[in-house]
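Novice: My questions all concern the structure below.
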Protein chains: 4
Amino acid sequence: MERFYAAFNEIIEHLQKAKDNVNKEEVEKLIDAILTSKKIFCYGAGRSGFMARAFAQRLMHIGFEAYFLGETITPAMGKGDLLVAVSGSGETASTVCLARKAKDEGASVAAITTRRDGALARVADIVVVVLGKTKLVERESYAPFTSSFDITVLTLFDSVSAEIMLRKGVGEDLILERHATVE
Amino acid sequence: MERFYAAFNEIIEHLQKAKDNVNKEEVEKLIDAILTSKKIFCYGAGRSGFMARAFAQRLMHIGFEAYFLGETITPAMGKGDLLVAVSGSGETASTVCLARKAKDEGASVAAITTRRDGALARVADIVVVVLGKTKLVERESYAPFTSSFDITVLTLFDSVSAEIMLRKGVGEDLILERHATVE
Amino acid sequence: MERFYAAFNEIIEHLQKAKDNVNKEEVEKLIDAILTSKKIFCYGAGRSGFMARAFAQRLMHIGFEAYFLGETITPAMGKGDLLVAVSGSGETASTVCLARKAKDEGASVAAITTRRDGALARVADIVVVVLGKTKLVERESYAPFTSSFDITVLTLFDSVSAEIMLRKGVGEDLILERHATVE
Amino acid sequence: MERFYAAFNEIIEHLQKAKDNVNKEEVEKLIDAILTSKKIFCYGAGRSGFMARAFAQRLMHIGFEAYFLGETITPAMGKGDLLVAVSGSGETASTVCLARKAKDEGASVAAITTRRDGALARVADIVVVVLGKTKLVERESYAPFTSSFDITVLTLFDSVSAEIMLRKGVGEDLILERHATVE
């Protein structure tokens, strides 16, 4: 079980470093965009998508009209709407493609990515850079591929939600009220 | 390609029989429930679930607050809401379980099923019986297992949508307006 | 309920016309590709996606290694694999984008679409044209937007499955054996 | 942005406490069950489901036959198979229902939950208790409802994956090889 604890510790340490590495202005821009947009669409492929879904659900819980792209009842996107797109590499085909389509439809795009120079960041209005696994870390890393990025993104999303709850004066009672009851 | 055409024909014939077999009063009740409910939740497992998703999406397109159970942004269900639950056998574990939970939360349940005596129908307020594959048909059937039921359910849902569009005075332009633009 | 029956009848008539309109050689090519590919990936956005999921599930039931693009456990695609992509308009952003990526990875693409000159068809190795709602029909149509296309695609997929079951000597007992038991 | 940092710190501290709180024997049992089962099915509703999907995908990446319950190509479950079910409260309707069905079909169930006395734990063969938000913490907590549990579960799953990779002699190159290429 040594490796289990080594990976667990590495993830905690990564979160600490990622927090110190957060660009406060970038996160402020993301929060402002969420607070001032009409509808908020979230997207990501694979594990990035699960983190984006968790964010979309939390945004719904705290009172936003939020959606995950590609689900059953996702409506039209347009001017005044925001797409929050997650891709570690910033090169995932569907994510980049849908971000471009969102821009074509007049929406704004916020990229959550490790790479400021990736295709996703280049198409985005707001870029929040999240510390991923670096080549150096990889050599002696125990946490499997992308885990550190994914968990950091989820932590960042939930911390953004906490900040938004404060600014909107929304408490956990609203989450309880809106949380799915039949699931 | 003989079997391809035999199955295609069998499905068309099944649809014809299923249409003649539709209980008009049952479908009327379903339509009334949809028109008078606050939120409409759809559910089904497996292929029944894909048909239920297609219905939830169409209901969203024509102006309802509709959801598919278990997706990211599905909110709380309660009094005044409707669950449309699809199960050919009427015994699918999650479907029966969620229908019971919906009743506990005060919502109404409409069952779309082949069996009026199944567990799902027994928990439901409205039962729309849809012709499935009978034992007799099975012996000489070419369309694979449940295909006839699934396609009939989808046709019934889209015909219900057409009727609702007429009653609400909603045209295809609204569908175009609400249809996902970034997908 | 007049509109309900009008739409139901229109869908049945559309299926009949669509069957007569099927290009046998195109469907043969699709069947051959499925029988000779290593893995089969299905994709479509919105309602096209629900039809594609129903096909992927049926292919799994009758013994193929089949996936729906974007779901949790979908693995790498490459040479020898097939992507079955569904888009009525043939212009859906994610569908065209993923079809191009599939080609880049060395896979073959089969397009199921109403338009032989659409972006999806142009990237595809195999094109199965399915009769959609024509402008002429639209003027006096009762079935809502894309319903006729979707139901035809599902019927075509299930008829293709019937033909494949015959060629592989697979019966409904295999479907029962592989069908999800916990759902 | 004070609340953002407060929540971020709280999540990191929670992870530290949750790690110290991990029952090593319980996690060992989970790892053994994964290594010796034929197929591994994961499930959870809502955010627990996103964490369970991330685990299912990682298990697929490192060579297991893994599925998420309710997705398109999820096959039959039976004797020799394992269901990993996640529910913070341990009372989520679909999760408890599907865990019971899994037992009926002869599979083993591992519960990931905060409550050893919950309905899910009572039906399970293996119970891994994960530290959730306690009443005491709630009073002065900044991270929104269930966030700490969800992020801890994901960290635990990725640390379990790291341990399993070591025991199976599997490296990140296998993840890269199996990771979706068209997404």
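Ligands are numbered from 1 in the order shown, residues from 1 within each chain, and chains are lettered A, B, ... in the order they appear in the structure tokens.
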Give me, as a VMD selection string, the residues of chain A touching chain C, with the criterion being at most 9 Å (counting only C-alpha atoms).
Specialist: chain A and resid 45 to 47 70 to 74 93 to 95 97 to 98 101
Novice: Deliver the residues from the most recent selection as a file, using N, CA and C atoms, as a PDB file, in the first residue's frame.
Specialist:
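Final file, again29.pdb:
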```
ATOM      1  N   ALA A  45     -13.923  16.492 -22.667  1.00  0.00           N
ATOM      2  CA  ALA A  45     -13.988  15.092 -23.097  1.00  0.00           C
ATOM      3  C   ALA A  45     -13.335  14.227 -22.031  1.00  0.00           C
ATOM      4  N   GLY A  46     -13.759  12.984 -21.917  1.00  0.00           N
ATOM      5  CA  GLY A  46     -13.161  12.043 -20.975  1.00  0.00           C
ATOM      6  C   GLY A  46     -13.253  12.541 -19.542  1.00  0.00           C
ATOM      7  N   ARG A  47     -12.159  12.361 -18.779  1.00  0.00           N
ATOM      8  CA  ARG A  47     -12.171  12.755 -17.362  1.00  0.00           C
ATOM      9  C   ARG A  47     -12.374  14.259 -17.201  1.00  0.00           C
ATOM     10  N   GLY A  70     -24.021  18.459 -25.145  1.00  0.00           N
ATOM     11  CA  GLY A  70     -24.193  17.108 -25.648  1.00  0.00           C
ATOM     12  C   GLY A  70     -25.184  16.281 -24.850  1.00  0.00           C
ATOM     13  N   GLU A  71     -25.686  16.817 -23.714  1.00  0.00           N
ATOM     14  CA  GLU A  71     -26.699  16.065 -22.982  1.00  0.00           C
ATOM     15  C   GLU A  71     -28.081  16.343 -23.570  1.00  0.00           C
ATOM     16  N   THR A  72     -29.048  15.561 -23.123  1.00  0.00           N
ATOM     17  CA  THR A  72     -30.358  15.508 -23.765  1.00  0.00           C
ATOM     18  C   THR A  72     -31.040  16.861 -23.933  1.00  0.00           C
ATOM     19  N   ILE A  73     -31.063  17.673 -22.883  1.00  0.00           N
ATOM     20  CA  ILE A  73     -31.923  18.857 -22.953  1.00  0.00           C
ATOM     21  C   ILE A  73     -31.119  20.158 -23.098  1.00  0.00           C
ATOM     22  N   THR A  74     -29.889  20.053 -23.550  1.00  0.00           N
ATOM     23  CA  THR A  74     -29.056  21.232 -23.774  1.00  0.00           C
ATOM     24  C   THR A  74     -29.632  22.075 -24.915  1.00  0.00           C
ATOM     25  N   ALA A  93      -9.912  17.217 -29.737  1.00  0.00           N
ATOM     26  CA  ALA A  93     -10.619  17.575 -30.980  1.00  0.00           C
ATOM     27  C   ALA A  93     -12.009  18.149 -30.742  1.00  0.00           C
ATOM     28  N   SER A  94     -12.875  17.421 -30.022  1.00  0.00           N
ATOM     29  CA  SER A  94     -14.253  17.891 -29.866  1.00  0.00           C
ATOM     30  C   SER A  94     -14.308  19.185 -29.055  1.00  0.00           C
ATOM     31  N   THR A  95     -13.427  19.312 -28.080  1.00  0.00           N
ATOM     32  CA  THR A  95     -13.445  20.494 -27.215  1.00  0.00           C
ATOM     33  C   THR A  95     -13.075  21.744 -28.010  1.00  0.00           C
ATOM     34  N   CYS A  97     -13.195  22.079 -31.248  1.00  0.00           N
ATOM     35  CA  CYS A  97     -14.218  22.224 -32.288  1.00  0.00           C
ATOM     36  C   CYS A  97     -15.471  22.913 -31.741  1.00  0.00           C
ATOM     37  N   LEU A  98     -15.933  22.478 -30.573  1.00  0.00           N
ATOM     38  CA  LEU A  98     -17.144  23.058 -29.980  1.00  0.00           C
ATOM     39  C   LEU A  98     -16.878  24.468 -29.461  1.00  0.00           C
ATOM     40  N   LYS A 101     -17.186  26.628 -32.461  1.00  0.00           N
ATOM     41  CA  LYS A 101     -18.610  26.766 -32.828  1.00  0.00           C
ATOM     42  C   LYS A 101     -19.291  27.745 -31.862  1.00  0.00           C
TER      43      LYS A 101
END
```
Novice: Taking the DSSP assignment computed from this structure's backbone, write out as a VMD selection string all residues of range 6-173 of chain B that belong to helix (DSSP H, G or I).
Specialist: chain B and resid 6 to 21 24 to 36 46 to 61 93 to 104 119 to 123 135 to 139 147 to 168 172 to 173
Novice: Please identify all polymer residues within 6 Å of Arg178 in chain D, counting only C-alpha atoms, omitting same-chain residues fewer than 4 positions from it, and present them as a short mmCIF file (atom, residue, chain, number, x, y, z; two decimals) with N, CA, C and O atoms, in the first residue's frame.
Specialist:
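Writing the result to selection_24.cif gives the following:
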```cif
data_model
loop_
_atom_site.label_atom_id
_atom_site.label_comp_id
_atom_site.auth_asym_id
_atom_site.auth_seq_id
_atom_site.Cartn_x
_atom_site.Cartn_y
_atom_site.Cartn_z
N PRO C 75 -12.38 3.31 -25.89
CA PRO C 75 -10.92 3.25 -26.00
C PRO C 75 -10.40 3.95 -27.27
O PRO C 75 -11.15 4.60 -27.98
N ALA C 76 -9.13 3.77 -27.52
CA ALA C 76 -8.47 4.34 -28.69
C ALA C 76 -9.06 3.77 -29.99
O ALA C 76 -9.46 2.62 -30.05
N HIS D 61 -8.24 2.11 -18.79
CA HIS D 61 -6.91 2.55 -19.24
C HIS D 61 -5.80 1.59 -18.80
O HIS D 61 -4.82 1.41 -19.50
#
```
Novice: Excluding range 119-132 of chain C and its own-chain neighbours fewer than 6 positions away, which residues fall within 10 Å of it when counting only C-alpha atoms? Please give them as a ChimeraX atom specification.
Specialist: /C:14-15,17-30,33,82-93,95-100,102-103,107-113,145-150,152-153,156
Novice: Using only C-alpha atoms, which protein or nucleic acid residues come within 10 Å of Phe157 in chain A? Drop anything in the same chain fewer than 2 positions from it, and give the result as number ranges by chain.
Specialist: A: 27, 51-52, 54-56, 58-59, 112, 151-155, 159-163; D: 4, 8, 147
Novice: Those same residues - N, CA and C atoms - I'd like them written as a PDB file, in the first residue's frame.
Specialist:
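The resulting file, selection29.pdb, is reproduced below:
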```pdb
ATOM      1  N   VAL A  27      -8.952  33.826 -12.462  1.00  0.00           N
ATOM      2  CA  VAL A  27     -10.111  33.225 -11.793  1.00  0.00           C
ATOM      3  C   VAL A  27     -11.187  34.281 -11.573  1.00  0.00           C
ATOM      4  N   MET A  51     -15.291  16.313 -14.742  1.00  0.00           N
ATOM      5  CA  MET A  51     -15.072  17.483 -13.883  1.00  0.00           C
ATOM      6  C   MET A  51     -15.994  18.627 -14.331  1.00  0.00           C
ATOM      7  N   ALA A  52     -16.123  18.785 -15.641  1.00  0.00           N
ATOM      8  CA  ALA A  52     -16.994  19.843 -16.183  1.00  0.00           C
ATOM      9  C   ALA A  52     -18.458  19.571 -15.842  1.00  0.00           C
ATOM     10  N   ALA A  54     -19.471  17.972 -13.143  1.00  0.00           N
ATOM     11  CA  ALA A  54     -19.614  18.267 -11.709  1.00  0.00           C
ATOM     12  C   ALA A  54     -19.801  19.770 -11.500  1.00  0.00           C
ATOM     13  N   PHE A  55     -19.107  20.566 -12.314  1.00  0.00           N
ATOM     14  CA  PHE A  55     -19.231  22.031 -12.212  1.00  0.00           C
ATOM     15  C   PHE A  55     -20.610  22.483 -12.701  1.00  0.00           C
ATOM     16  N   ALA A  56     -21.037  21.963 -13.839  1.00  0.00           N
ATOM     17  CA  ALA A  56     -22.359  22.337 -14.379  1.00  0.00           C
ATOM     18  C   ALA A  56     -23.444  22.024 -13.353  1.00  0.00           C
ATOM     19  N   ARG A  58     -23.127  21.750 -10.073  1.00  0.00           N
ATOM     20  CA  ARG A  58     -23.027  22.656  -8.935  1.00  0.00           C
ATOM     21  C   ARG A  58     -23.583  24.031  -9.292  1.00  0.00           C
ATOM     22  N   LEU A  59     -23.304  24.518 -10.492  1.00  0.00           N
ATOM     23  CA  LEU A  59     -23.846  25.814 -10.928  1.00  0.00           C
ATOM     24  C   LEU A  59     -25.374  25.776 -10.944  1.00  0.00           C
ATOM     25  N   ILE A 112     -10.164  26.107 -19.497  1.00  0.00           N
ATOM     26  CA  ILE A 112      -9.478  25.606 -18.303  1.00  0.00           C
ATOM     27  C   ILE A 112      -8.478  24.591 -18.833  1.00  0.00           C
ATOM     28  N   ILE A 151      -8.104  16.465 -10.612  1.00  0.00           N
ATOM     29  CA  ILE A 151      -8.494  16.749  -9.222  1.00  0.00           C
ATOM     30  C   ILE A 151      -8.305  18.230  -8.920  1.00  0.00           C
ATOM     31  N   THR A 152      -7.277  18.831  -9.495  1.00  0.00           N
ATOM     32  CA  THR A 152      -7.082  20.273  -9.298  1.00  0.00           C
ATOM     33  C   THR A 152      -8.213  21.067  -9.932  1.00  0.00           C
ATOM     34  N   VAL A 153      -8.631  20.665 -11.116  1.00  0.00           N
ATOM     35  CA  VAL A 153      -9.728  21.359 -11.796  1.00  0.00           C
ATOM     36  C   VAL A 153     -11.006  21.274 -10.965  1.00  0.00           C
ATOM     37  N   LEU A 154     -11.282  20.088 -10.421  1.00  0.00           N
ATOM     38  CA  LEU A 154     -12.490  19.922  -9.609  1.00  0.00           C
ATOM     39  C   LEU A 154     -12.411  20.789  -8.348  1.00  0.00           C
ATOM     40  N   THR A 155     -11.247  20.825  -7.734  1.00  0.00           N
ATOM     41  CA  THR A 155     -11.065  21.646  -6.528  1.00  0.00           C
ATOM     42  C   THR A 155     -11.219  23.127  -6.869  1.00  0.00           C
ATOM     43  N   SER A 159     -14.106  25.603  -5.470  1.00  0.00           N
ATOM     44  CA  SER A 159     -13.703  26.822  -4.751  1.00  0.00           C
ATOM     45  C   SER A 159     -14.312  28.054  -5.438  1.00  0.00           C
ATOM     46  N   VAL A 160     -14.371  28.032  -6.750  1.00  0.00           N
ATOM     47  CA  VAL A 160     -15.064  29.090  -7.502  1.00  0.00           C
ATOM     48  C   VAL A 160     -16.543  29.119  -7.087  1.00  0.00           C
ATOM     49  N   SER A 161     -17.142  27.938  -6.945  1.00  0.00           N
ATOM     50  CA  SER A 161     -18.547  27.853  -6.531  1.00  0.00           C
ATOM     51  C   SER A 161     -18.732  28.463  -5.143  1.00  0.00           C
ATOM     52  N   ALA A 162     -17.795  28.200  -4.247  1.00  0.00           N
ATOM     53  CA  ALA A 162     -17.877  28.753  -2.884  1.00  0.00           C
ATOM     54  C   ALA A 162     -17.843  30.282  -2.943  1.00  0.00           C
ATOM     55  N   GLU A 163     -16.946  30.819  -3.753  1.00  0.00           N
ATOM     56  CA  GLU A 163     -16.834  32.276  -3.907  1.00  0.00           C
ATOM     57  C   GLU A 163     -18.127  32.860  -4.501  1.00  0.00           C
TER      58      GLU A 163
ATOM     59  N   PHE D   4     -12.758  31.866  -2.080  1.00  0.00           N
ATOM     60  CA  PHE D   4     -12.140  30.926  -3.019  1.00  0.00           C
ATOM     61  C   PHE D   4     -10.961  30.210  -2.350  1.00  0.00           C
ATOM     62  N   PHE D   8     -10.552  26.309  -1.076  1.00  0.00           N
ATOM     63  CA  PHE D   8      -9.435  25.523  -1.630  1.00  0.00           C
ATOM     64  C   PHE D   8      -8.614  24.910  -0.484  1.00  0.00           C
ATOM     65  N   SER D 147     -18.688  18.500  -1.812  1.00  0.00           N
ATOM     66  CA  SER D 147     -17.452  18.679  -2.587  1.00  0.00           C
ATOM     67  C   SER D 147     -16.287  17.917  -1.960  1.00  0.00           C
TER      68      SER D 147
END
```
Novice: How many Å separate CA of Met1 in chain A from CA of Tyr142 in chain A?
Specialist: 12.2 Å
Novice: Taking only range 11-166 of chain D into account, list the residues labelled strand (DSSP E) by DSSP (computed from the backbone), as a list in words.
Specialist: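 For range 11-166 of chain D, the strand (DSSP E) set is Ile40, Phe41, Cys42, Tyr43, Gly44, Ala66, Tyr67, Phe68, Leu82, Leu83, Val84, Ala85, Val86, Ser108, Val109, Ala110, Ala111, Ile112, Thr113, Ile126, Val127, Val128 and Val129 of chain D.
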Novice: Restricting the output to N, CA and C atoms, write the selected residues as a CSV table (one decimal), in the first residue's frame.
Specialist:
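Now in out_3.csv:
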```
chain,number,residue,atom,x,y,z
D,40,ILE,N,-15.5,-5.3,-13.9
D,40,ILE,CA,-15.8,-4.3,-12.9
D,40,ILE,C,-16.7,-3.3,-13.3
D,41,PHE,N,-17.9,-3.1,-12.7
D,41,PHE,CA,-18.9,-2.2,-13.0
D,41,PHE,C,-18.8,-1.1,-11.9
D,42,CYS,N,-18.9,0.2,-12.3
D,42,CYS,CA,-18.9,1.3,-11.4
D,42,CYS,C,-20.2,2.0,-11.5
D,43,TYR,N,-20.7,2.6,-10.4
D,43,TYR,CA,-21.9,3.3,-10.4
D,43,TYR,C,-22.0,4.4,-9.3
D,44,GLY,N,-22.7,5.4,-9.5
D,44,GLY,CA,-23.0,6.4,-8.6
D,44,GLY,C,-24.0,7.4,-9.2
D,66,ALA,N,-13.8,-2.8,-17.6
D,66,ALA,CA,-14.6,-1.9,-16.7
D,66,ALA,C,-15.7,-1.2,-17.4
D,67,TYR,N,-16.8,-1.0,-16.7
D,67,TYR,CA,-18.0,-0.3,-17.3
D,67,TYR,C,-18.6,0.6,-16.3
D,68,PHE,N,-19.4,1.6,-16.8
D,68,PHE,CA,-20.2,2.4,-15.9
D,68,PHE,C,-21.7,1.9,-16.1
D,82,LEU,N,-17.7,-7.5,-10.1
D,82,LEU,CA,-17.7,-6.6,-9.0
D,82,LEU,C,-18.4,-5.3,-9.3
D,83,LEU,N,-19.2,-4.8,-8.4
D,83,LEU,CA,-19.8,-3.5,-8.6
D,83,LEU,C,-19.2,-2.6,-7.5
D,84,VAL,N,-18.6,-1.5,-8.0
D,84,VAL,CA,-18.1,-0.4,-7.1
D,84,VAL,C,-19.1,0.7,-7.1
D,85,ALA,N,-19.8,0.8,-6.0
D,85,ALA,CA,-20.9,1.8,-5.9
D,85,ALA,C,-20.6,2.9,-4.9
D,86,VAL,N,-20.8,4.1,-5.4
D,86,VAL,CA,-20.4,5.3,-4.6
D,86,VAL,C,-21.7,6.1,-4.2
D,108,SER,N,-20.3,-9.3,-6.6
D,108,SER,CA,-19.9,-8.7,-5.3
D,108,SER,C,-20.1,-7.2,-5.4
D,109,VAL,N,-20.3,-6.6,-4.2
D,109,VAL,CA,-20.5,-5.1,-4.2
D,109,VAL,C,-19.5,-4.5,-3.2
D,110,ALA,N,-18.8,-3.5,-3.7
D,110,ALA,CA,-18.0,-2.6,-2.8
D,110,ALA,C,-18.6,-1.3,-2.7
D,111,ALA,N,-18.9,-0.9,-1.5
D,111,ALA,CA,-19.5,0.4,-1.2
D,111,ALA,C,-18.5,1.5,-0.9
D,112,ILE,N,-18.5,2.6,-1.5
D,112,ILE,CA,-17.7,3.8,-1.2
D,112,ILE,C,-18.6,4.8,-0.6
D,113,THR,N,-18.6,5.1,0.7
D,113,THR,CA,-19.6,5.8,1.4
D,113,THR,C,-19.1,6.5,2.6
D,126,ILE,N,-17.9,-5.4,0.6
D,126,ILE,CA,-16.7,-4.6,1.0
D,126,ILE,C,-17.2,-3.1,1.3
D,127,VAL,N,-16.8,-2.5,2.3
D,127,VAL,CA,-17.2,-1.1,2.6
D,127,VAL,C,-15.9,-0.3,2.8
D,128,VAL,N,-15.7,0.7,2.0
D,128,VAL,CA,-14.6,1.6,2.2
D,128,VAL,C,-15.3,3.0,2.7
D,129,VAL,N,-15.0,3.3,4.0
D,129,VAL,CA,-15.6,4.5,4.5
D,129,VAL,C,-14.7,5.7,4.2
```
